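Enquirer: To be precise about what I am sending: the file is called work11.txt and holds compact mmCIF, C-alpha atoms and all ligand atoms.
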# COMPACT_ATOMS: atom_id res chain seq x y z
CA MET A 1 -14.84 30.43 30.28
CA ASN A 2 -11.29 29.21 29.92
CA GLU A 3 -10.39 25.64 30.74
CA PRO A 4 -8.12 25.72 33.81
CA PHE A 5 -5.83 23.04 32.35
CA PRO A 6 -4.84 22.19 28.80
CA VAL A 7 -6.98 19.36 27.38
CA SER A 8 -4.84 16.24 27.37
CA PRO A 9 -4.24 14.33 24.13
CA PRO A 10 -6.17 11.07 23.75
CA ARG A 11 -4.73 7.87 25.18
CA ALA A 12 -6.00 5.91 22.20
CA TRP A 13 -6.83 7.05 18.71
CA ALA A 14 -7.51 5.61 15.25
CA GLU A 15 -5.74 7.07 12.23
CA ILE A 16 -7.96 6.60 9.19
CA ASP A 17 -6.44 6.85 5.73
CA LEU A 18 -9.08 8.08 3.27
CA GLY A 19 -6.77 7.55 0.29
CA ALA A 20 -6.43 3.89 1.27
CA LEU A 21 -10.22 3.67 1.46
CA ARG A 22 -10.48 4.94 -2.12
CA LYS A 23 -7.75 2.58 -3.25
CA ASN A 24 -9.72 -0.37 -1.84
CA LEU A 25 -12.80 0.93 -3.62
CA ALA A 26 -10.81 0.88 -6.85
CA VAL A 27 -9.92 -2.77 -6.16
CA ALA A 28 -13.65 -3.53 -5.83
CA ARG A 29 -14.29 -1.80 -9.15
CA GLU A 30 -11.48 -3.71 -10.81
CA ALA A 31 -12.89 -7.01 -9.55
CA PHE A 32 -16.34 -6.22 -10.94
CA GLY A 33 -17.38 -3.69 -13.54
CA GLY A 34 -20.96 -3.27 -12.26
CA GLY A 35 -22.42 -0.70 -9.91
CA LEU A 36 -21.30 -0.38 -6.30
CA MET A 37 -23.16 -0.07 -3.05
CA ALA A 38 -20.61 0.90 -0.40
CA VAL A 39 -21.73 -0.70 2.86
CA VAL A 40 -21.27 1.85 5.67
CA LYS A 41 -23.48 0.31 8.37
CA ALA A 42 -22.39 0.35 12.02
CA GLY A 43 -20.61 3.68 11.70
CA ALA A 44 -18.79 2.53 8.55
CA TYR A 45 -17.49 -0.50 10.45
CA GLY A 46 -16.26 1.76 13.24
CA HIS A 47 -14.44 4.11 10.86
CA GLY A 48 -16.93 6.98 11.27
CA LEU A 49 -20.17 7.11 9.30
CA GLU A 50 -20.30 10.73 8.16
CA GLU A 51 -16.58 11.00 7.40
CA ILE A 52 -16.48 7.80 5.34
CA ALA A 53 -19.69 8.64 3.50
CA LYS A 54 -18.37 12.11 2.65
CA ALA A 55 -15.05 10.65 1.48
CA LEU A 56 -16.83 8.23 -0.88
CA ALA A 57 -19.64 10.56 -1.99
CA THR A 58 -17.67 11.82 -4.98
CA GLU A 59 -16.65 8.34 -6.16
CA ASN A 60 -19.63 7.49 -8.40
CA ILE A 61 -21.16 4.99 -6.03
CA GLU A 62 -24.77 4.03 -6.69
CA PHE A 63 -25.79 3.56 -3.05
CA PHE A 64 -24.61 3.68 0.53
CA GLY A 65 -25.85 0.58 2.35
CA VAL A 66 -26.93 1.21 5.95
CA ALA A 67 -28.49 -0.92 8.66
CA ASN A 68 -31.26 1.38 9.78
CA VAL A 69 -33.04 4.71 9.56
CA GLY A 70 -30.82 6.32 12.20
CA GLU A 71 -27.76 5.74 10.02
CA ALA A 72 -29.61 6.87 6.89
CA ARG A 73 -30.56 10.11 8.65
CA ARG A 74 -26.99 10.80 9.71
CA ILE A 75 -25.70 10.44 6.14
CA SER A 76 -28.52 12.56 4.69
CA ASN A 77 -28.01 15.22 7.33
CA ALA A 78 -24.30 15.33 6.48
CA GLY A 79 -25.34 16.62 3.06
CA VAL A 80 -24.39 13.51 1.12
CA ALA A 81 -26.47 13.18 -2.06
CA THR A 82 -25.66 9.53 -2.90
CA ARG A 83 -28.72 7.29 -2.69
CA ILE A 84 -29.21 5.38 0.56
CA TYR A 85 -30.27 1.75 0.71
CA LEU A 86 -31.62 0.11 3.86
CA LEU A 87 -30.14 -3.37 4.15
CA GLY A 88 -32.56 -4.72 6.73
CA ALA A 89 -36.30 -4.79 7.33
CA THR A 90 -38.00 -1.58 8.48
CA TRP A 91 -40.54 -0.94 11.22
CA SER A 92 -43.83 0.63 10.27
CA GLU A 93 -43.10 3.79 12.31
CA GLU A 94 -40.01 4.42 10.19
CA ARG A 95 -41.64 4.27 6.78
CA GLU A 96 -43.04 7.80 6.64
CA GLU A 97 -39.51 9.22 6.86
CA ILE A 98 -38.15 6.67 4.37
CA VAL A 99 -40.71 7.76 1.79
CA ALA A 100 -40.34 11.48 2.56
CA ARG A 101 -36.54 11.35 2.20
CA GLU A 102 -36.58 8.89 -0.70
CA TRP A 103 -34.31 6.31 0.86
CA THR A 104 -34.50 2.91 -0.81
CA PRO A 105 -35.82 0.01 1.26
CA CYS A 106 -35.78 -3.64 0.40
CA VAL A 107 -39.12 -5.31 0.97
CA SER A 108 -39.58 -8.75 2.48
CA SER A 109 -43.37 -9.03 2.61
CA ILE A 110 -46.51 -7.95 0.79
CA ALA A 111 -47.75 -6.19 3.95
CA GLU A 112 -44.57 -4.10 4.15
CA ALA A 113 -44.86 -3.21 0.45
CA GLU A 114 -48.54 -2.27 0.81
CA HIS A 115 -47.70 0.06 3.66
CA PHE A 116 -44.95 1.77 1.65
CA ASN A 117 -47.37 2.04 -1.28
CA ARG A 118 -50.02 3.78 0.85
CA ILE A 119 -47.54 6.24 2.34
CA ALA A 120 -46.04 6.97 -1.09
CA ALA A 121 -49.55 7.61 -2.45
CA ASN A 122 -50.14 10.13 0.37
CA HIS A 123 -46.92 11.87 -0.60
CA GLY A 124 -47.81 11.77 -4.28
CA LYS A 125 -44.58 9.84 -4.93
CA ARG A 126 -43.45 6.66 -6.60
CA LEU A 127 -40.99 5.03 -4.19
CA LYS A 128 -38.19 2.89 -5.58
CA VAL A 129 -37.90 -0.39 -3.66
CA HIS A 130 -35.90 -3.57 -4.08
CA LEU A 131 -37.36 -7.03 -3.80
CA ALA A 132 -35.41 -8.99 -1.18
CA VAL A 133 -35.33 -12.75 -1.71
CA ASP A 134 -33.95 -15.35 0.66
CA THR A 135 -31.65 -17.73 -1.19
CA GLY A 136 -30.07 -19.15 1.96
CA MET A 137 -29.28 -16.49 4.53
CA GLY A 138 -32.45 -17.00 6.58
CA ARG A 139 -32.51 -13.39 7.82
CA GLY A 140 -34.90 -11.53 5.55
CA GLY A 141 -36.53 -11.39 2.16
CA PHE A 142 -39.30 -13.33 0.49
CA VAL A 143 -38.79 -17.08 0.66
CA ALA A 144 -38.29 -18.23 -2.89
CA ASP A 145 -41.61 -19.82 -3.76
CA HIS A 146 -44.53 -18.39 -5.73
CA LEU A 147 -42.30 -15.42 -6.50
CA PRO A 148 -43.91 -14.58 -9.87
CA GLU A 149 -47.31 -14.21 -8.14
CA LYS A 150 -45.75 -12.07 -5.41
CA LEU A 151 -43.97 -9.85 -7.92
CA ALA A 152 -47.24 -9.48 -9.84
CA LEU A 153 -48.88 -8.24 -6.64
CA LEU A 154 -46.03 -5.80 -6.01
CA GLU A 155 -46.17 -4.49 -9.55
CA ARG A 156 -49.84 -3.66 -9.15
CA MET A 157 -48.92 -1.22 -6.37
CA GLU A 158 -48.95 2.02 -8.32
CA ASN A 159 -46.81 4.08 -5.99
CA LEU A 160 -43.96 1.58 -5.89
CA GLU A 161 -41.31 0.99 -8.50
CA ILE A 162 -39.66 -2.44 -8.19
CA GLU A 163 -36.26 -1.14 -9.13
CA GLY A 164 -34.10 -4.02 -8.02
CA ILE A 165 -33.77 -7.49 -6.61
CA GLY A 166 -31.26 -8.58 -3.99
CA SER A 167 -30.26 -11.52 -1.86
CA HIS A 168 -27.42 -12.21 0.59
CA LEU A 169 -24.60 -14.76 0.93
CA PRO A 170 -24.17 -16.39 4.37
CA SER A 171 -20.94 -18.28 3.66
CA ALA A 172 -19.08 -16.81 0.69
CA ASP A 173 -15.88 -16.89 2.77
CA GLU A 174 -16.45 -20.44 4.06
CA ASP A 175 -18.36 -22.55 1.57
CA ALA A 176 -17.72 -22.01 -2.13
CA GLU A 177 -19.99 -24.86 -3.17
CA PHE A 178 -23.04 -23.45 -1.40
CA THR A 179 -22.21 -19.95 -2.64
CA LEU A 180 -22.10 -21.15 -6.26
CA LEU A 181 -25.45 -22.82 -5.69
CA GLN A 182 -26.82 -19.49 -4.42
CA PHE A 183 -25.63 -17.68 -7.53
CA GLU A 184 -27.44 -20.32 -9.59
CA ARG A 185 -30.60 -19.99 -7.50
CA PHE A 186 -30.53 -16.22 -7.79
CA HIS A 187 -30.08 -16.47 -11.54
CA ALA A 188 -32.97 -18.98 -11.77
CA ILE A 189 -35.20 -16.62 -9.76
CA ILE A 190 -34.42 -13.71 -12.07
CA ARG A 191 -35.26 -15.87 -15.11
CA GLU A 192 -38.47 -17.04 -13.43
CA LEU A 193 -39.44 -13.41 -12.85
CA GLY A 194 -39.05 -12.49 -16.50
CA GLY A 195 -35.31 -11.97 -16.92
CA ALA A 196 -32.71 -9.33 -16.29
CA GLU A 197 -34.64 -6.67 -18.27
CA ARG A 198 -37.19 -6.63 -15.49
CA PHE A 199 -34.80 -5.07 -12.90
CA LYS A 200 -32.49 -2.13 -13.03
CA TRP A 201 -30.34 -3.53 -10.22
CA MET A 202 -29.58 -7.17 -9.32
CA HIS A 203 -27.28 -7.78 -6.36
CA LEU A 204 -26.05 -10.66 -4.26
CA SER A 205 -22.39 -10.14 -3.30
CA ASN A 206 -20.72 -8.93 -0.13
CA SER A 207 -16.90 -8.58 -0.17
CA ALA A 208 -16.23 -12.32 -0.28
CA GLY A 209 -18.81 -12.84 -3.03
CA LEU A 210 -17.33 -10.00 -5.04
CA LEU A 211 -13.69 -11.06 -4.72
CA GLY A 212 -14.15 -14.81 -5.02
CA PHE A 213 -16.93 -15.44 -7.51
CA ASP A 214 -18.16 -14.74 -11.00
CA GLN A 215 -21.06 -12.30 -10.59
CA GLY A 216 -23.43 -14.15 -12.92
CA PRO A 217 -26.50 -12.02 -13.62
CA CYS A 218 -25.65 -9.35 -11.03
CA ASN A 219 -24.92 -5.74 -12.01
CA LEU A 220 -24.45 -4.31 -8.49
CA SER A 221 -22.37 -5.49 -5.53
CA ARG A 222 -22.38 -4.56 -1.85
CA PRO A 223 -18.81 -4.63 -0.49
CA GLY A 224 -18.21 -3.66 3.13
CA LEU A 225 -15.17 -5.13 4.85
CA MET A 226 -12.84 -5.00 1.83
CA LEU A 227 -13.29 -1.21 1.57
CA TYR A 228 -11.79 -1.00 5.05
CA GLY A 229 -8.74 -2.93 3.89
CA VAL A 230 -9.44 -6.47 5.03
CA SER A 231 -10.26 -9.35 2.71
CA PRO A 232 -12.55 -12.06 4.06
CA LEU A 233 -10.76 -14.38 1.62
CA PRO A 234 -7.06 -14.36 2.68
CA GLY A 235 -5.92 -14.92 -0.92
CA PHE A 236 -6.95 -11.36 -1.85
CA GLN A 237 -5.46 -9.58 1.17
CA ALA A 238 -2.35 -8.44 -0.71
CA LYS A 239 -4.51 -6.32 -3.06
CA LEU A 240 -5.91 -4.22 -0.20
CA VAL A 241 -4.34 -1.54 1.96
CA THR A 242 -4.83 -0.73 5.64
CA VAL A 243 -7.33 2.04 6.34
CA MET A 244 -7.44 2.11 10.14
CA THR A 245 -4.37 2.13 12.36
CA LEU A 246 -5.29 1.93 16.03
CA LYS A 247 -2.73 3.62 18.23
CA SER A 248 -1.93 4.39 21.84
CA ARG A 249 1.05 5.50 23.88
CA VAL A 250 3.32 4.09 26.53
CA THR A 251 2.30 5.71 29.81
CA LEU A 252 4.91 4.11 32.04
CA VAL A 253 8.01 1.88 31.83
CA ARG A 254 9.20 -0.14 34.83
CA ILE A 255 11.42 -3.11 35.61
CA LEU A 256 9.65 -5.85 37.54
CA PRO A 257 11.61 -8.61 39.30
CA ALA A 258 11.24 -12.32 38.54
CA GLY A 259 8.16 -13.85 40.16
CA HIS A 260 6.00 -10.72 39.83
CA GLY A 261 2.41 -11.19 38.66
CA ILE A 262 1.06 -8.99 35.88
CA SER A 263 -2.57 -7.88 35.62
CA TYR A 264 -5.86 -9.27 36.93
CA GLY A 265 -5.91 -12.92 37.92
CA ARG A 266 -2.08 -12.94 37.90
CA GLN A 267 -2.22 -15.35 34.97
CA PHE A 268 1.16 -14.14 33.83
CA VAL A 269 4.06 -14.20 36.31
CA THR A 270 7.52 -12.99 35.29
CA THR A 271 10.28 -15.62 35.19
CA ARG A 272 13.10 -13.08 34.88
CA PRO A 273 13.57 -9.38 35.57
CA THR A 274 11.25 -7.87 32.97
CA ARG A 275 11.01 -4.41 31.49
CA VAL A 276 7.28 -3.73 31.35
CA ALA A 277 5.60 -0.90 29.44
CA THR A 278 2.09 0.10 30.46
CA VAL A 279 0.07 1.22 27.42
CA GLY A 280 -2.99 3.48 27.55
CA ILE A 281 -5.58 1.33 25.80
CA GLY A 282 -7.83 -1.50 26.93
CA TYR A 283 -11.14 -3.21 26.37
CA GLY A 284 -12.91 0.03 27.30
CA ASP A 285 -11.60 1.28 23.96
CA GLY A 286 -12.80 -1.86 22.21
CA TYR A 287 -9.51 -3.73 22.14
CA PRO A 288 -10.68 -7.32 22.64
CA ARG A 289 -9.94 -8.58 26.15
CA GLN A 290 -10.24 -12.12 24.77
CA VAL A 291 -6.72 -11.89 23.28
CA SER A 292 -5.31 -12.08 26.83
CA GLY A 293 -2.89 -14.99 27.13
CA ASN A 294 -3.15 -15.84 23.41
CA GLY A 295 0.11 -14.29 22.26
CA ALA A 296 -1.09 -11.00 20.77
CA ASP A 297 1.57 -8.39 20.01
CA VAL A 298 1.81 -4.64 19.58
CA TRP A 299 4.31 -2.61 17.55
CA ILE A 300 6.66 -0.10 19.20
CA ARG A 301 9.72 1.51 17.59
CA GLY A 302 9.76 -0.99 14.73
CA ARG A 303 9.45 -4.09 16.90
CA ARG A 304 6.73 -6.62 17.55
CA LEU A 305 6.38 -6.94 21.33
CA PRO A 306 4.10 -9.27 23.34
CA ILE A 307 1.20 -8.27 25.59
CA LEU A 308 1.60 -9.66 29.12
CA GLY A 309 -1.33 -10.88 31.21
CA ARG A 310 -4.90 -9.75 30.84
CA VAL A 311 -5.97 -6.66 28.95
CA THR A 312 -7.63 -4.32 31.47
CA MET A 313 -10.30 -1.70 30.82
CA ASP A 314 -7.98 1.25 30.11
CA GLN A 315 -4.46 -0.16 30.10
CA MET A 316 -2.42 -3.16 29.14
CA MET A 317 1.13 -4.28 29.74
CA VAL A 318 3.77 -5.10 27.14
CA ASP A 319 7.13 -6.84 27.51
CA VAL A 320 9.76 -4.34 26.31
CA THR A 321 12.77 -6.17 27.73
CA ALA A 322 14.00 -6.71 24.16
CA ALA A 323 13.45 -3.04 23.29
CA GLU A 324 15.62 -0.99 25.60
CA ASP A 325 14.93 2.20 23.69
CA VAL A 326 11.20 2.18 24.52
CA VAL A 327 10.33 5.06 26.82
CA GLU A 328 7.27 6.72 28.28
CA GLY A 329 5.31 8.61 25.61
CA ASP A 330 6.27 6.29 22.74
CA GLU A 331 3.62 5.65 20.15
CA VAL A 332 2.24 2.11 20.04
CA GLU A 333 0.55 0.50 17.02
CA ILE A 334 -2.20 -1.71 18.40
CA PHE A 335 -3.22 -2.88 14.95
CA GLY A 336 -2.53 -1.53 11.48
CA PRO A 337 0.05 -2.12 8.75
CA ASN A 338 2.50 -3.94 11.07
CA ILE A 339 0.00 -5.77 13.27
CA PRO A 340 -2.79 -7.07 11.00
CA VAL A 341 -6.22 -6.71 12.59
CA ALA A 342 -7.13 -10.16 11.25
CA GLY A 343 -4.49 -11.69 13.55
CA ILE A 344 -5.91 -9.85 16.55
CA ALA A 345 -9.43 -11.02 15.69
CA ALA A 346 -8.21 -14.61 15.36
CA LYS A 347 -6.43 -14.44 18.73
CA ALA A 348 -9.61 -13.04 20.28
CA GLY A 349 -11.65 -15.89 18.77
CA THR A 350 -13.75 -13.48 16.75
CA ILE A 351 -14.01 -11.85 13.32
CA VAL A 352 -12.57 -8.57 12.03
CA TRP A 353 -16.08 -7.12 11.55
CA GLU A 354 -16.61 -7.40 15.32
CA VAL A 355 -13.21 -5.93 16.24
CA PHE A 356 -13.76 -2.88 13.98
CA THR A 357 -17.32 -2.23 15.14
CA GLY A 358 -16.29 -2.75 18.77
CA ILE A 359 -13.91 0.26 18.83
CA THR A 360 -15.65 2.55 21.30
CA PRO A 361 -16.44 6.29 21.05
CA ARG A 362 -13.62 7.07 23.50
CA VAL A 363 -11.16 6.37 20.67
CA LEU A 364 -10.66 9.57 18.70
CA ARG A 365 -10.92 9.02 14.93
CA CYS A 366 -8.37 11.11 13.01
CA TYR A 367 -8.63 11.38 9.23
CA HIS A 368 -5.87 12.00 6.75
CA GLU A 369 -5.30 11.70 3.03
CA SER A 370 -3.24 8.89 1.69
CA ARG A 371 0.19 7.73 2.53
CA VAL A 372 -0.43 5.07 -0.08
CA ALA A 373 1.01 5.73 -3.54
CA GLU A 374 -1.90 5.79 -6.03
C1 LIG B 401 -23.02 -6.23 5.90
C2 LIG B 401 -23.59 -6.60 4.59
C3 LIG B 401 -22.81 -6.55 3.43
C4 LIG B 401 -21.32 -6.28 3.45
O1 LIG B 401 -20.65 -7.44 3.88
P1 LIG B 401 -19.04 -7.53 3.93
O2 LIG B 401 -18.79 -8.96 4.23
O3 LIG B 401 -18.60 -6.63 5.03
O4 LIG B 401 -18.53 -7.11 2.61
C5 LIG B 401 -23.44 -6.78 2.22
N1 LIG B 401 -24.75 -7.07 2.16
C6 LIG B 401 -25.53 -7.14 3.25
C7 LIG B 401 -26.98 -7.46 3.12
C8 LIG B 401 -24.98 -6.92 4.51
O5 LIG B 401 -25.75 -7.00 5.59
Represent the supplied structure as structure tokens.
Expert:
Amino acid sequence: MNEPFPVSPPRAWAEIDLGALRKNLAVAREAFGGGLMAVVKAGAYGHGLEEIAKALATENIEFFGVANVGEARRISNAGVATRIYLLGATWSEEREEIVAREWTPCVSSIAEAEHFNRIAANHGKRLKVHLAVDTGMGRGGFVADHLPEKLALLERMENLEIEGIGSHLPSADEDAEFTLLQFERFHAIIRELGGAERFKWMHLSNSAGLLGFDQGPCNLSRPGLMLYGVSPLPGFQAKLVTVMTLKSRVTLVRILPAGHGISYGRQFVTTRPTRVATVGIGYGDGYPRQVSGNGADVWIRGRRLPILGRVTMDQMMVDVTAAEDVVEGDEVEIFGPNIPVAGIAAKAGTIVWEVFTGITPRVLRCYHESRVAE
């Protein structure tokens, strides 16, 4: 059956530069010569799980790091052969599939390991697992006491191979002193467990840990955010390139008289005749409503122009008095190379990770190869 009307183009879309993604991966490699686990949890930080995994699958990455079995399944089903590592704890109902599909879990308890061991025995397999240790994150892993005894127990499980050891940094972008202490603790734990020869993979760093610190005994890192072009440590931002540019279009341009309220709550009232562009994106697309009134800008026709009043679900208003050439249909950069997403996150009182992962399914993701010179 034919559609009676042409399908309209999207009001909001995200242009995703796969060449820029690879360039940021190269920056990670340059910072650290060890192996890489590309963290692609939460739909590759909103960039599209399958597309990002496919784009990185040929880049000699050791693992893709995912949050859960659902994400692991999506990558596997996309035909990606790179090994998959589960960053968080698993539920018992999920373990059969983990063993069958040879994904790599980290284990945080003897009970969890025993269960994996039993399932692996039933499958006639030896499952590779990583020992998770808690050096300060407080979210998962074995607490770091009596570890040699615990490792001895794990090593007696014949259908498990303790392939690696990992821990996580809670404040590598906020507290260098504590982070250095964690590297020392992790190193001490590895020595206590018999030294680096005991593990194929040793990993501690997220993006901030990778960019800002000497990797000590580690031979694998787990960058996420930096691959998507944002450094958690501002000093390294210039090395990275923008991957996602969020865009929309002007749907309407009008002149409102002085004294006219704009948007819900009428928190903004014009003080002069104002040329106002209505733009087809809002918090229903994941643009953070919390920026309202905090001086966030968008980019139209080469100019930075301020948002007026509250961001609504599907639309927001922009002052284009200073940009007489702006007309209906013009493309608007919501964030990207000209409007850094970090600034938007700061104005919304949140972090870039949350802004990226908050972009909703309504926003069409469009992929292209690089505009960045290699
Ligand atoms: C999310 C996550 C990462 C990646 O962190 P970034 O700060 O985005 O680089 C690394 N390791 C673990 C365990 C994570 O949960």
Enquirer: Write out as JSON, numbers by chain each polymer residue (protein, DNA or RNA) that has an atom no more than 6 Å from ligand LIG 401 (chain B), with all atoms listed in the file counted.
Expert: {"A": [39, 87, 168, 206, 207, 222, 223, 224, 225]}
Enquirer: Can you tell me which residues surround A:Leu233 at a distance of at most 9 Å, considering all atoms listed in the file, apart from same-chain residues fewer than 2 positions away, and format the answer as a list in words?
Expert: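 Residues near the query, excluding close chain neighbours: Ala172, Asp173, Glu174, Ser207, Ala208, Leu211, Gly212, Val230, Ser231, Gly235, Phe236 and Gln237 of chain A.
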Enquirer: Can you write out the residues you just picked, keeping C-alpha atoms, as an mmCIF file, in the frame of the given file?
Expert:
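Dumped to selection_6.cif:
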data_model
loop_
_atom_site.group_PDB
_atom_site.id
_atom_site.type_symbol
_atom_site.label_atom_id
_atom_site.label_comp_id
_atom_site.auth_asym_id
_atom_site.auth_seq_id
_atom_site.Cartn_x
_atom_site.Cartn_y
_atom_site.Cartn_z
ATOM 1 C CA ALA A 172 -19.080 -16.810 0.690
ATOM 2 C CA ASP A 173 -15.880 -16.890 2.770
ATOM 3 C CA GLU A 174 -16.450 -20.440 4.060
ATOM 4 C CA SER A 207 -16.900 -8.580 -0.170
ATOM 5 C CA ALA A 208 -16.230 -12.320 -0.280
ATOM 6 C CA LEU A 211 -13.690 -11.060 -4.720
ATOM 7 C CA GLY A 212 -14.150 -14.810 -5.020
ATOM 8 C CA VAL A 230 -9.440 -6.470 5.030
ATOM 9 C CA SER A 231 -10.260 -9.350 2.710
ATOM 10 C CA GLY A 235 -5.920 -14.920 -0.920
ATOM 11 C CA PHE A 236 -6.950 -11.360 -1.850
ATOM 12 C CA GLN A 237 -5.460 -9.580 1.170
#
Enquirer: Nearest residue to A:Tyr367 out of A:Phe116, A:Thr245, A:Leu151, A:Arg301, using all atoms listed in the file?
Expert: A:Thr245
Enquirer: Please determine, counting only C-alpha atoms, which residue among A:Ala57, A:Ala348, A:Leu240, A:Val269 has the shortest atom-to-atom distance to A:Ser292.
Expert: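 Closest to A:Ser292, using only C-alpha atoms: A:Ala348.
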Enquirer: Anything within 10 Å of (-32.9, -17.0, -8.2): list those residues as number ranges by chain, counting only C-alpha atoms and sticking to the file's coordinates.
Expert: A: 133-135, 144, 147, 165-167, 181-193, 217
Enquirer: Quick one: residues within 8 Å of A:Ala78, only C-alpha atoms counted, chain neighbours fewer than 4 positions away excluded, as an mmCIF file with C-alpha atoms, keeping the file's coordinate frame?
Expert:
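Written out: out_23.cif:
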data_model
loop_
_atom_site.group_PDB
_atom_site.id
_atom_site.type_symbol
_atom_site.label_atom_id
_atom_site.label_comp_id
_atom_site.auth_asym_id
_atom_site.auth_seq_id
_atom_site.Cartn_x
_atom_site.Cartn_y
_atom_site.Cartn_z
ATOM 1 C CA GLU A 50 -20.300 10.730 8.160
ATOM 2 C CA LYS A 54 -18.370 12.110 2.650
ATOM 3 C CA ARG A 74 -26.990 10.800 9.710
#
Enquirer: Tell me, as a PyMOL selection string, which residues lie within 8 Å of A:Tyr85, counting all atoms listed in the file; anything in the same chain fewer than 3 positions away does not count.
Expert: chain A and resi 63-66+103-106
Enquirer: With all atoms listed in the file as the counted atoms, please give the residues lying no more than 10 Å from stretch 351-362 of chain A, apart from itself and same-chain residues fewer than 4 positions off, as number ranges by chain.
Expert: A: 10-14, 41-48, 224-225, 228, 230-232, 244, 246, 283-288, 340-347
Enquirer: Measuring atom to atom with all atoms listed in the file, identify which of A:Gly229, A:Gly280, A:Gly295, A:Gly124 is nearest to A:Val332.
Expert: A:Gly280
Enquirer: Using all atoms listed in the file, pick whichever of A:Asn219, A:Val80, A:Leu131, A:Gly33 has the shortest atom-to-atom distance to A:Val143.
Expert: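 Looking only at the distances to A:Val143, the closest residue turns out to be A:Leu131.
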Enquirer: Take atom CA of A:Lys128 and atom CA of A:Ala53 and report the distance between them in Å, one decimal.
Expert: 21.4 Å
Enquirer: Rounded to one decimal, what separation in Å do you get between atom CA of A:Lys247 and atom CA of A:Phe268?
Expert: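 Between these atoms lies a distance of 24.0 Å.
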Enquirer: For a test of reading the model, state the distance in Å between atom CA of A:Ser109 and atom CA of A:Ser171, rounded to one decimal.
Expert: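 Calculated distance between atom CA of A:Ser109 and atom CA of A:Ser171 is 24.3 Å.
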Enquirer: When you look at A:Leu256 with a cut-off of 9 Å (counting all atoms listed in the file), what residues show up, excluding the ones that are within fewer than 5 positions of it in the same chain? I need them as a PyMOL selection string.
Expert: chain A and resi 270+272-276
Enquirer: What does the file look like for those residues with C-alpha atoms, as a compact mmCIF listing (two decimals), in the coordinates of the input?
Expert:
# COMPACT_ATOMS: atom_id res chain seq x y z
CA THR A 270 7.52 -12.99 35.29
CA ARG A 272 13.10 -13.08 34.88
CA PRO A 273 13.57 -9.38 35.57
CA THR A 274 11.25 -7.87 32.97
CA ARG A 275 11.01 -4.41 31.49
CA VAL A 276 7.28 -3.73 31.35
Enquirer: How close does stretch 84-148 of chain A get to stretch 153-163 of chain A? List, as CSV, each residue of stretch 84-148 of chain A within 7 Å, its nearest atom pair and the distance in Å to one decimal, counting only C-alpha atoms.
Expert:
residue,atom,partner,partner_atom,distance
A:Asn117,CA,A:Asn159,CA,5.2
A:Ala120,CA,A:Asn159,CA,5.7
A:Ala121,CA,A:Asn159,CA,5.7
A:Lys125,CA,A:Asn159,CA,6.3
A:Arg126,CA,A:Asn159,CA,4.3
A:Leu127,CA,A:Leu160,CA,4.9
A:Lys128,CA,A:Glu161,CA,4.7
A:Val129,CA,A:Ile162,CA,5.3
A:His130,CA,A:Glu163,CA,5.6
A:Leu131,CA,A:Ile162,CA,6.8
Enquirer: Using only C-alpha atoms, which of the listed residues (A:Glu112, A:Asp297, A:Glu93, A:Glu15) sits closest to A:Gly309?
Expert: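 Among the listed residues, A:Asp297 lies closest to A:Gly309.
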